[in-house]
Amino acid sequence: MAATIIDGKAISTATREKLKQQVTDLGTKGIRPGLAVIIVGEDPASQVYVRNKVKACVDTGIYSEKHEIPATTTEEDLLKLIHRLNDKKDIHGILVQLPLPKHINSDRVLETISETKDVDGFHLYNVGALVTGNTIFAPCTPFGVKVMIEHLGLPVEGKSAVVVGRSNIVGKPMAIMLLEMNATVSICTSRTKDLKAYTKMADILVVAVGRPNLITADMVKPGAAVFDVGMNRLADGKLAGDVDYDGVKEIAGYITPVPGGVGPMTITMLLANTVIAAERAHKLK
Ligand code: GUN
């Protein structure tokens, strides 16, 4: 039987409607959540992401400011800007778009963001909190997958979850979050020997490697829920995930398309984290 297609746009829209209401409610208390987005350099993909993040804030009633900094900026100047934003009362969340130019130490930049404003959840303090089961800010993409799982009411407890990919932004936090949801979790990479032996066991399969068609139908357990976080630009200009969508949708129980699956949820969870940060700053949470 063909899989149910998970409509990330619809789940994202429903989640954003709830967020808009929360923002309106905060407005009655004189509070407006605020997000600062910093982009260094002119990477075209990053520019699109940042533009979309700022637009999503506007649409949701969240205050936002975009700081566009030349690629030649010094690390010192970038850190100064972050310190300034850390001190600003109307800014509750700070996001530095990655990747940063090579001459800038990304770790140092991420550690400079106040952990209370770290809406990406990349600060070591917040990573430690996540790993120890005391989540403060969940990284946006895995957070989006979690919300999709909950929205669909998929059983997780005791199930086998396989995460393919070990990035700090998606793979590692995703695995920890699934573990927190009481799944039995395996973390694989593109180099895993006999990857199929693992993916075939997965009731929940999350793939975030950046390699088109890495996961084919023969690698998927019938009925599994497949979340494709891959975003690959093909030679013909089309966008593709890491999963052979046409083949796998005939085997899986649920599958996210690319585009229109996990992607729309990432920015929505950034908005959610910004609202949470504003509520905490005003001691409402
Ligand atoms: N670059 C790619 N994904 C992300 C993300 O989720 N946050 C930031 N800050 N940069 C990114």
# chains A, B, ... in the order shown; residues from 1 in each chain; ligands from 1

$ residues_around --residues "A:Val127" --least-positions-apart "3" --cutoff "9 Å" --atoms "only C-alpha atoms" --output "list in words"
Gly121, Phe122, His123, Leu124, Leu130, Val131, Thr132, Thr135, Ile136, Phe137, Ala138, Pro139 and Pro173 of chain A

$ select_by_dssp --residues "stretch 79-217 of chain A" --states "alpha helix (DSSP H)" --output "ChimeraX atom specification"
/A:79-87,106-112,124-131,140-152,171-180,195-199

$ residues_near_ligand --ligand "ligand 1" --cutoff "7 Å" --atoms "only C-alpha atoms and all ligand atoms" --output "ChimeraX atom specification"
/A:46,95-99,120,140-141,169

$ closest_atom_pairs --of "stretch 101-164 of chain A" --to "stretch 54-77 of chain A" --cutoff "8 Å" --atoms "only C-alpha atoms" --output "tab-separated table"
residue	atom	partner	partner_atom	distance
A:Pro101	CA	A:Ala71	CA	6.5
A:His103	CA	A:Glu75	CA	7.7
A:Ile104	CA	A:Glu75	CA	5.4
A:Asn105	CA	A:Glu75	CA	7.4
A:Val109	CA	A:Glu75	CA	8.0

$ closest_atom_pairs --of "stretch 140-183 of chain A" --to "stretch 193-200 of chain A" --cutoff "10 Å" --atoms "only C-alpha atoms" --output "tab-separated table"
residue	atom	partner	partner_atom	distance
A:Ser160	CA	A:Thr199	CA	9.5
A:Ala161	CA	A:Thr199	CA	8.7
A:Val162	CA	A:Thr199	CA	6.3
A:Val163	CA	A:Thr199	CA	8.5
A:Val164	CA	A:Thr199	CA	8.4

$ write_last_selection --atoms "N, CA and C atoms" --output "PDB file, in the first residue's frame"
ATOM      1  N   SER A 160      11.869   1.063  17.006  1.00  0.00           N
ATOM      2  CA  SER A 160      13.227   1.216  16.495  1.00  0.00           C
ATOM      3  C   SER A 160      13.300   2.482  15.642  1.00  0.00           C
ATOM      4  N   ALA A 161      14.190   3.387  16.033  1.00  0.00           N
ATOM      5  CA  ALA A 161      14.399   4.615  15.254  1.00  0.00           C
ATOM      6  C   ALA A 161      15.823   4.609  14.729  1.00  0.00           C
ATOM      7  N   VAL A 162      15.979   4.920  13.470  1.00  0.00           N
ATOM      8  CA  VAL A 162      17.316   5.001  12.886  1.00  0.00           C
ATOM      9  C   VAL A 162      17.499   6.400  12.304  1.00  0.00           C
ATOM     10  N   VAL A 163      18.590   7.045  12.714  1.00  0.00           N
ATOM     11  CA  VAL A 163      18.941   8.360  12.186  1.00  0.00           C
ATOM     12  C   VAL A 163      20.163   8.177  11.302  1.00  0.00           C
ATOM     13  N   VAL A 164      20.064   8.582  10.057  1.00  0.00           N
ATOM     14  CA  VAL A 164      21.218   8.501   9.159  1.00  0.00           C
ATOM     15  C   VAL A 164      21.751   9.924   9.005  1.00  0.00           C
TER      16      VAL A 164
END

$ select_by_dssp --residues "stretch 5-45 of chain A" --states "strand (DSSP E or B)" --output "PyMOL selection string"
chain A and resi 5+34-40

$ write_last_selection --atoms "N, CA, C and O atoms" --output "short mmCIF file (atom, residue, chain, number, x, y, z; two decimals), in the first residue's frame"
data_model
loop_
_atom_site.label_atom_id
_atom_site.label_comp_id
_atom_site.auth_asym_id
_atom_site.auth_seq_id
_atom_site.Cartn_x
_atom_site.Cartn_y
_atom_site.Cartn_z
N ILE A 5 1.35 10.60 2.59
CA ILE A 5 2.32 11.68 2.40
C ILE A 5 2.16 12.67 3.55
O ILE A 5 1.05 13.18 3.78
N GLY A 34 11.04 39.08 19.97
CA GLY A 34 11.96 39.67 18.98
C GLY A 34 13.11 38.72 18.64
O GLY A 34 13.67 38.08 19.53
N LEU A 35 13.40 38.63 17.35
CA LEU A 35 14.48 37.75 16.88
C LEU A 35 15.49 38.56 16.07
O LEU A 35 15.11 39.32 15.17
N ALA A 36 16.78 38.41 16.38
CA ALA A 36 17.84 39.01 15.56
C ALA A 36 18.49 37.91 14.74
O ALA A 36 18.85 36.86 15.27
N VAL A 37 18.59 38.14 13.44
CA VAL A 37 19.22 37.17 12.55
C VAL A 37 20.47 37.81 11.97
O VAL A 37 20.41 38.91 11.42
N ILE A 38 21.58 37.11 12.10
CA ILE A 38 22.86 37.63 11.59
C ILE A 38 23.31 36.77 10.41
O ILE A 38 23.34 35.53 10.52
N ILE A 39 23.63 37.41 9.32
CA ILE A 39 24.18 36.68 8.17
C ILE A 39 25.51 37.33 7.80
O ILE A 39 25.59 38.55 7.65
N VAL A 40 26.53 36.50 7.68
CA VAL A 40 27.86 37.00 7.32
C VAL A 40 28.20 36.53 5.91
O VAL A 40 28.22 35.32 5.65
#

$ residues_around --residues "A:Ala278" --least-positions-apart "3" --cutoff "7 Å" --atoms "only C-alpha atoms" --output "PyMOL selection string"
chain A and resi 33+92+274-275+281-282

$ atom_distance --atom1 "atom CA of A:Val145" --atom2 "atom CA of A:Ile251"
20.1 Å

$ residues_around --residues "A:Val207" --least-positions-apart "4" --cutoff "10 Å" --atoms "only C-alpha atoms" --output "PyMOL selection string"
chain A and resi 162-166+170-171+188-190+199+211+214-215+226-230+241-243

$ write_last_selection --atoms "N, CA and C atoms" --output "compact mmCIF listing (two decimals), in the first residue's frame"
# COMPACT_ATOMS: atom_id res chain seq x y z
N VAL A 162 15.98 4.92 13.47
CA VAL A 162 17.32 5.00 12.89
C VAL A 162 17.50 6.40 12.30
N VAL A 163 18.59 7.04 12.71
CA VAL A 163 18.94 8.36 12.19
C VAL A 163 20.16 8.18 11.30
N VAL A 164 20.06 8.58 10.06
CA VAL A 164 21.22 8.50 9.16
C VAL A 164 21.75 9.92 9.01
N GLY A 165 22.95 10.16 9.54
CA GLY A 165 23.53 11.51 9.55
C GLY A 165 23.90 11.87 10.97
N ARG A 166 25.03 12.52 11.15
CA ARG A 166 25.50 12.82 12.51
C ARG A 166 25.90 14.29 12.66
N VAL A 170 21.33 18.48 12.91
CA VAL A 170 20.18 17.57 12.74
C VAL A 170 20.42 16.18 13.37
N GLY A 171 21.39 15.44 12.85
CA GLY A 171 21.50 14.02 13.20
C GLY A 171 21.65 13.76 14.69
N CYS A 188 23.47 6.16 12.21
CA CYS A 188 24.30 5.69 11.10
C CYS A 188 24.85 6.89 10.34
N THR A 189 25.81 6.63 9.49
CA THR A 189 26.33 7.68 8.61
C THR A 189 26.37 7.11 7.19
N SER A 190 26.78 7.96 6.26
CA SER A 190 26.88 7.46 4.88
C SER A 190 27.96 6.39 4.76
N THR A 199 18.70 0.35 8.41
CA THR A 199 17.50 1.09 7.98
C THR A 199 16.29 0.16 7.85
N ARG A 211 22.73 13.45 0.40
CA ARG A 211 23.09 12.62 -0.74
C ARG A 211 21.82 12.08 -1.40
N LEU A 214 20.09 8.19 -1.44
CA LEU A 214 20.86 7.31 -0.54
C LEU A 214 19.98 6.16 -0.04
N ILE A 215 18.72 6.47 0.21
CA ILE A 215 17.81 5.46 0.76
C ILE A 215 16.84 5.02 -0.35
N VAL A 226 9.06 7.64 7.32
CA VAL A 226 10.33 8.10 6.76
C VAL A 226 10.35 9.63 6.69
N PHE A 227 11.31 10.23 7.39
CA PHE A 227 11.47 11.69 7.40
C PHE A 227 12.74 12.05 6.65
N ASP A 228 12.57 12.74 5.55
CA ASP A 228 13.69 13.06 4.67
C ASP A 228 14.11 14.51 4.89
N VAL A 229 15.26 14.69 5.53
CA VAL A 229 15.73 16.05 5.84
C VAL A 229 16.67 16.56 4.74
N GLY A 230 17.02 15.72 3.79
CA GLY A 230 17.95 16.10 2.73
C GLY A 230 17.38 17.22 1.85
N GLY A 241 15.47 15.17 -1.96
CA GLY A 241 15.93 14.77 -0.63
C GLY A 241 17.00 13.70 -0.73
N ASP A 242 17.18 12.98 0.40
CA ASP A 242 18.15 11.88 0.44
C ASP A 242 17.48 10.54 0.17
N VAL A 243 16.15 10.57 0.05
CA VAL A 243 15.38 9.34 -0.09
C VAL A 243 14.84 9.26 -1.52

$ atom_distance --atom1 "atom CA of A:Ala235" --atom2 "atom CA of A:Val48"
19.4 Å

$ residues_around --residues "A:Leu152" --least-positions-apart "4" --cutoff "9 Å" --atoms "only C-alpha atoms" --output "ChimeraX atom specification"
/A:6,147-148

$ write_last_selection --atoms "C-alpha atoms" --output "compact mmCIF listing (two decimals), in the first residue's frame"
# COMPACT_ATOMS: atom_id res chain seq x y z
CA ILE A 6 3.16 13.87 5.39
CA VAL A 147 6.22 17.90 16.25
CA MET A 148 5.31 16.06 13.03

$ closest_residue --among "A:Thr268, A:Thr216, A:Gly93, A:Asp203" --to "A:Ile149" --atoms "only C-alpha atoms"
A:Asp203

$ residues_around --residues "A:Asp7" --least-positions-apart "4" --cutoff "8 Å" --atoms "only C-alpha atoms" --output "PyMOL selection string"
chain A and resi 11+256-257+260-261

$ write_last_selection --atoms "N, CA, C and O atoms" --output "PDB file, in the first residue's frame"
ATOM      1  N   ILE A  11       1.038  21.043   8.426  1.00  0.00           N
ATOM      2  CA  ILE A  11       1.349  20.962   9.864  1.00  0.00           C
ATOM      3  C   ILE A  11       2.019  22.265  10.303  1.00  0.00           C
ATOM      4  O   ILE A  11       1.750  22.803  11.378  1.00  0.00           O
ATOM      5  N   THR A 256       7.822  11.963   4.148  1.00  0.00           N
ATOM      6  CA  THR A 256       7.816  13.416   3.887  1.00  0.00           C
ATOM      7  C   THR A 256       8.362  13.666   2.481  1.00  0.00           C
ATOM      8  O   THR A 256       9.396  13.116   2.112  1.00  0.00           O
ATOM      9  N   PRO A 257       7.681  14.499   1.701  1.00  0.00           N
ATOM     10  CA  PRO A 257       8.216  14.870   0.389  1.00  0.00           C
ATOM     11  C   PRO A 257       9.300  15.941   0.537  1.00  0.00           C
ATOM     12  O   PRO A 257       9.429  16.556   1.584  1.00  0.00           O
ATOM     13  N   GLY A 260       8.443  20.499   0.818  1.00  0.00           N
ATOM     14  CA  GLY A 260       7.091  20.428   1.383  1.00  0.00           C
ATOM     15  C   GLY A 260       6.931  19.456   2.533  1.00  0.00           C
ATOM     16  O   GLY A 260       5.818  19.207   2.987  1.00  0.00           O
ATOM     17  N   GLY A 261       8.059  18.903   3.014  1.00  0.00           N
ATOM     18  CA  GLY A 261       7.991  17.965   4.139  1.00  0.00           C
ATOM     19  C   GLY A 261       8.551  18.590   5.401  1.00  0.00           C
ATOM     20  O   GLY A 261       7.907  19.434   6.029  1.00  0.00           O
TER      21      GLY A 261
END

$ decode --residues "stretch 260-276 of chain A" --atoms "N, CA, C and O atoms" --output "compact mmCIF listing (two decimals), in the first residue's frame"
# COMPACT_ATOMS: atom_id res chain seq x y z
N GLY A 260 8.44 20.50 0.82
CA GLY A 260 7.09 20.43 1.38
C GLY A 260 6.93 19.46 2.53
O GLY A 260 5.82 19.21 2.99
N GLY A 261 8.06 18.90 3.01
CA GLY A 261 7.99 17.96 4.14
C GLY A 261 8.55 18.59 5.40
O GLY A 261 7.91 19.43 6.03
N VAL A 262 9.78 18.19 5.74
CA VAL A 262 10.42 18.68 6.97
C VAL A 262 10.75 20.17 6.85
O VAL A 262 10.65 20.93 7.83
N GLY A 263 11.15 20.61 5.65
CA GLY A 263 11.61 21.98 5.44
C GLY A 263 10.73 23.06 6.07
O GLY A 263 11.22 23.88 6.85
N PRO A 264 9.42 23.07 5.76
CA PRO A 264 8.57 24.14 6.29
C PRO A 264 8.52 24.18 7.83
O PRO A 264 8.22 25.21 8.42
N MET A 265 8.81 23.03 8.47
CA MET A 265 8.72 22.99 9.93
C MET A 265 9.91 23.69 10.61
O MET A 265 9.78 24.18 11.72
N THR A 266 11.06 23.73 9.95
CA THR A 266 12.26 24.25 10.60
C THR A 266 12.06 25.70 11.02
O THR A 266 12.32 26.07 12.18
N ILE A 267 11.59 26.52 10.10
CA ILE A 267 11.41 27.94 10.44
C ILE A 267 10.30 28.10 11.47
O ILE A 267 10.39 28.93 12.38
N THR A 268 9.28 27.28 11.36
CA THR A 268 8.17 27.36 12.34
C THR A 268 8.69 27.10 13.75
O THR A 268 8.28 27.79 14.70
N MET A 269 9.61 26.14 13.90
CA MET A 269 10.11 25.85 15.24
C MET A 269 11.05 26.94 15.73
O MET A 269 11.17 27.17 16.94
N LEU A 270 11.68 27.65 14.79
CA LEU A 270 12.48 28.83 15.18
C LEU A 270 11.55 29.89 15.79
O LEU A 270 11.88 30.51 16.81
N LEU A 271 10.40 30.08 15.17
CA LEU A 271 9.42 31.03 15.70
C LEU A 271 8.95 30.57 17.08
O LEU A 271 8.84 31.37 18.01
N ALA A 272 8.70 29.26 17.19
CA ALA A 272 8.24 28.71 18.48
C ALA A 272 9.29 28.95 19.56
O ALA A 272 8.95 29.38 20.68
N ASN A 273 10.56 28.71 19.24
CA ASN A 273 11.62 28.93 20.23
C ASN A 273 11.74 30.40 20.60
O ASN A 273 12.05 30.74 21.75
N THR A 274 11.48 31.29 19.64
CA THR A 274 11.56 32.73 19.93
C THR A 274 10.43 33.14 20.90
O THR A 274 10.65 33.92 21.83
N VAL A 275 9.26 32.58 20.67
CA VAL A 275 8.13 32.86 21.58
C VAL A 275 8.45 32.33 22.98
O VAL A 275 8.25 33.02 24.00
N ILE A 276 8.99 31.12 23.04
CA ILE A 276 9.37 30.53 24.34
C ILE A 276 10.40 31.43 25.05
O ILE A 276 10.29 31.72 26.24
